[in-house]
Amino acid sequence: MNYWFTGQQVAEAGDASGTGLLDVAARSWDSRLTALVDEHLLDKLPQLIGPNESIGRVKPEVAELLGLGPDVVVAPGSGDNAMSALGAGITRPGQLVISLGTSATLFGVSDKPIIDSTGAVCPFCNATGAWLPLICTLNCTVPAEEVIKAFGISHADATELAAAEPAGSAGVSFLPYLVGERTPNWPDSCGAIIGLRPGLLRPGVLYRAALEGATLSLAAALTRAIELGLTPTELRLVGGGSKNSLWQQIVADVFQLSVRLPLEPESAALGAALQAAAVRSGVPVGEYVQKNQPPISDRVIKPNPANKQAYQEALQQHQQRGQLLFANQVQ
């Protein structure tokens, strides 16, 4: 896209992080890794520029095609999650975003690179010159969808029933790995409901356990990022699942962090627009976003301290049960 707009073959570190060829700590191409692919590859990769730099102006023929003026400058862009971070307004270390969709992602700003040898935390650069450690799980909203299909009820009814159930779902774990899982690296795993006792095969219990299971999977991976130096301070929630009020509270309680809700659903597109505005104005991107915060709900979902211990126990149970069932499948 940058080449099509400007004729310049350039990229920035956030986008380049996704190639597997970047020295994330140094924000430069890794000659050792590129040589493993081909000894000539390094010379063929685009030049890397900083997050606050302009690539150049739009080519005249592109400006004419799109109806733009000749003085339009092109910002460097970045990866989708780096742009989404800007669109959600996170630029300071410790700020996190969780996206609840078919899959789930958790990413946050760090002032130092987070390099995880286990692969649970993916090393990315962000779009301001800092870093964006990222966690992705394959199973998020689908387990809850399976519950409402099985019982023939709506999400609204299931949410009402689940809200009446205790935090931790009375010891029931819904391991949500219906399509296998990448975090942990258990591709042959499957969904499992464990801990059922007489009277617990209720839609409210299973629906709550599904929401909790998807959330606990993210929390388990986040513990690894915390071990490596990430210090979470606040959390912003996006994606289809973020509209569920019970899930909002579960996230706040599991992570014991206040949750805010960005109002713009297309946060990556908004982030790209904010980056472009910053580059055009000559203000560093991080500073510009801090001064021009994207719209966010006034509502703050506070963690309930009374549920802290229940979710600590549920997280431990979630990890132990998953390990016992699936850890030995990886060769």
# chains A, B, ... in the order shown; residues from 1 in each chain; ligands from 1
>>> residues_around(residues="A:Thr223", least_positions_apart="2", cutoff="12 Å", atoms="only C-alpha atoms", output="PyMOL selection string")
chain A and resi 116+120-121+135+216-221+225-232+254-255+312+315-316+319
>>> residues_around(residues="A:Asn304", least_positions_apart="3", cutoff="12 Å", atoms="only C-alpha atoms", output="tab-separated table (two decimals) with C-alpha atoms, in the first residue's frame")
chain	number	residue	atom	x	y	z
A	167	ALA	CA	-17.85	-16.35	40.33
A	248	GLN	CA	-17.29	-6.90	31.17
A	249	GLN	CA	-17.48	-7.57	34.91
A	250	ILE	CA	-15.85	-10.99	34.58
A	251	VAL	CA	-12.91	-9.42	32.76
A	252	ALA	CA	-12.55	-6.73	35.42
A	253	ASP	CA	-12.71	-9.34	38.19
A	254	VAL	CA	-10.34	-11.88	36.59
A	255	PHE	CA	-7.67	-9.28	35.84
A	256	GLN	CA	-8.47	-7.13	38.89
A	257	LEU	CA	-8.22	-4.04	36.68
A	258	SER	CA	-10.68	-1.27	35.88
A	259	VAL	CA	-12.21	-1.68	32.42
A	301	ILE	CA	-16.25	-1.22	35.31
A	307	ASN	CA	-14.37	-12.17	43.59
A	308	LYS	CA	-10.57	-11.95	43.56
A	309	GLN	CA	-9.89	-15.18	45.43
A	310	ALA	CA	-12.54	-17.12	43.52
A	311	TYR	CA	-10.91	-16.20	40.23
>>> select_by_dssp(residues="stretch 48-110 of chain A", states="helix (DSSP H, G or I)", output="MDAnalysis selection string")
chainID A and resid 60:66 80:87
>>> write_last_selection(atoms="N, CA, C and O atoms", output="mmCIF file, in the first residue's frame")
data_model
loop_
_atom_site.group_PDB
_atom_site.id
_atom_site.type_symbol
_atom_site.label_atom_id
_atom_site.label_comp_id
_atom_site.auth_asym_id
_atom_site.auth_seq_id
_atom_site.Cartn_x
_atom_site.Cartn_y
_atom_site.Cartn_z
ATOM 1 N N PRO A 60 1.131 11.739 -8.172
ATOM 2 C CA PRO A 60 0.109 12.529 -8.884
ATOM 3 C C PRO A 60 -1.020 11.680 -9.462
ATOM 4 O O PRO A 60 -2.188 12.043 -9.372
ATOM 5 N N GLU A 61 -0.672 10.524 -10.066
ATOM 6 C CA GLU A 61 -1.712 9.701 -10.679
ATOM 7 C C GLU A 61 -2.640 9.086 -9.623
ATOM 8 O O GLU A 61 -3.837 8.895 -9.875
ATOM 9 N N VAL A 62 -2.097 8.791 -8.442
ATOM 10 C CA VAL A 62 -2.939 8.261 -7.365
ATOM 11 C C VAL A 62 -3.831 9.364 -6.801
ATOM 12 O O VAL A 62 -5.009 9.148 -6.528
ATOM 13 N N ALA A 63 -3.251 10.556 -6.636
ATOM 14 C CA ALA A 63 -4.044 11.685 -6.151
ATOM 15 C C ALA A 63 -5.214 11.977 -7.092
ATOM 16 O O ALA A 63 -6.339 12.219 -6.647
ATOM 17 N N GLU A 64 -4.957 11.914 -8.398
ATOM 18 C CA GLU A 64 -6.018 12.166 -9.377
ATOM 19 C C GLU A 64 -7.087 11.075 -9.298
ATOM 20 O O GLU A 64 -8.292 11.358 -9.335
ATOM 21 N N LEU A 65 -6.640 9.817 -9.174
ATOM 22 C CA LEU A 65 -7.571 8.696 -9.108
ATOM 23 C C LEU A 65 -8.496 8.796 -7.899
ATOM 24 O O LEU A 65 -9.696 8.513 -7.983
ATOM 25 N N LEU A 66 -7.953 9.227 -6.752
ATOM 26 C CA LEU A 66 -8.710 9.267 -5.503
ATOM 27 C C LEU A 66 -9.327 10.631 -5.221
ATOM 28 O O LEU A 66 -10.006 10.798 -4.202
ATOM 29 N N ASP A 80 -2.321 -4.326 12.247
ATOM 30 C CA ASP A 80 -3.693 -4.058 12.664
ATOM 31 C C ASP A 80 -3.801 -3.835 14.166
ATOM 32 O O ASP A 80 -4.529 -2.937 14.620
ATOM 33 N N ASN A 81 -3.088 -4.613 14.965
ATOM 34 C CA ASN A 81 -3.187 -4.438 16.413
ATOM 35 C C ASN A 81 -2.495 -3.162 16.883
ATOM 36 O O ASN A 81 -2.958 -2.514 17.832
ATOM 37 N N ALA A 82 -1.397 -2.791 16.241
ATOM 38 C CA ALA A 82 -0.729 -1.539 16.591
ATOM 39 C C ALA A 82 -1.630 -0.348 16.291
ATOM 40 O O ALA A 82 -1.705 0.615 17.066
ATOM 41 N N MET A 83 -2.361 -0.413 15.169
ATOM 42 C CA MET A 83 -3.298 0.651 14.842
ATOM 43 C C MET A 83 -4.490 0.642 15.788
ATOM 44 O O MET A 83 -4.991 1.689 16.210
ATOM 45 N N SER A 84 -4.946 -0.567 16.144
ATOM 46 C CA SER A 84 -6.066 -0.672 17.077
ATOM 47 C C SER A 84 -5.699 -0.105 18.442
ATOM 48 O O SER A 84 -6.540 0.507 19.116
ATOM 49 N N ALA A 85 -4.445 -0.291 18.846
ATOM 50 C CA ALA A 85 -3.994 0.279 20.118
ATOM 51 C C ALA A 85 -4.123 1.798 20.096
ATOM 52 O O ALA A 85 -4.596 2.409 21.072
ATOM 53 N N LEU A 86 -3.718 2.430 18.990
ATOM 54 C CA LEU A 86 -3.873 3.885 18.877
ATOM 55 C C LEU A 86 -5.351 4.268 18.892
ATOM 56 O O LEU A 86 -5.755 5.223 19.563
ATOM 57 N N GLY A 87 -6.166 3.504 18.162
ATOM 58 C CA GLY A 87 -7.589 3.814 18.089
ATOM 59 C C GLY A 87 -8.317 3.612 19.403
ATOM 60 O O GLY A 87 -9.364 4.211 19.633
#
>>> closest_residue(among="A:Leu68, A:Leu178, A:Ala306, A:Ala273", to="A:Thr102", atoms="only C-alpha atoms")
A:Leu178
>>> closest_residue(among="A:Ser54, A:Thr128, A:Ser189, A:Thr19", to="A:Leu33", atoms="only C-alpha atoms")
A:Thr19
>>> residues_around(residues="A:Gly94", least_positions_apart="3", cutoff="9 Å", atoms="only C-alpha atoms", output="compact mmCIF listing (two decimals) with C-alpha atoms, in the first residue's frame")
# COMPACT_ATOMS: atom_id res chain seq x y z
CA ILE A 90 -3.42 3.33 24.65
CA THR A 91 0.06 4.84 24.44
CA GLY A 108 -0.46 -3.72 25.81
CA VAL A 109 2.15 -0.99 25.72
CA SER A 110 5.58 -1.72 27.15
CA ASP A 111 8.56 0.63 27.37
CA LEU A 230 4.91 -6.11 31.79
CA THR A 231 3.04 -4.22 34.53
CA PRO A 232 -0.68 -3.87 33.69
CA THR A 233 -2.35 -0.70 34.97
CA GLU A 234 -5.63 -0.40 33.07
CA LEU A 235 -7.67 -2.27 30.49
>>> closest_residue(among="A:Ala164, A:Leu100, A:Ile148, A:Leu324", to="A:Gly241", atoms="only C-alpha atoms")
A:Leu100
>>> closest_residue(among="A:Val142, A:Val205, A:Leu132, A:Cys125", to="A:Ala26", atoms="only C-alpha atoms")
A:Cys125
>>> select_by_dssp(residues="stretch 88-278 of chain A", states="strand (DSSP E or B)", output="PyMOL selection string")
chain A and resi 95-100+104-108+110+122+125+131+134-137+173-176+178+180-181+186+191-194+234-238+259-260+262
>>> closest_residue(among="A:Val300, A:Ile55, A:Val37, A:Val24", to="A:Val279", atoms="only C-alpha atoms")
A:Ile55
>>> closest_residue(among="A:Ala210, A:Cys136, A:Val289, A:Ala276", to="A:Gly56", atoms="only C-alpha atoms")
A:Ala276
>>> residues_around(residues="A:Tyr3", least_positions_apart="3", cutoff="12 Å", atoms="only C-alpha atoms", output="ChimeraX atom specification")
/A:6-11,46-47,55-59,62,74-77
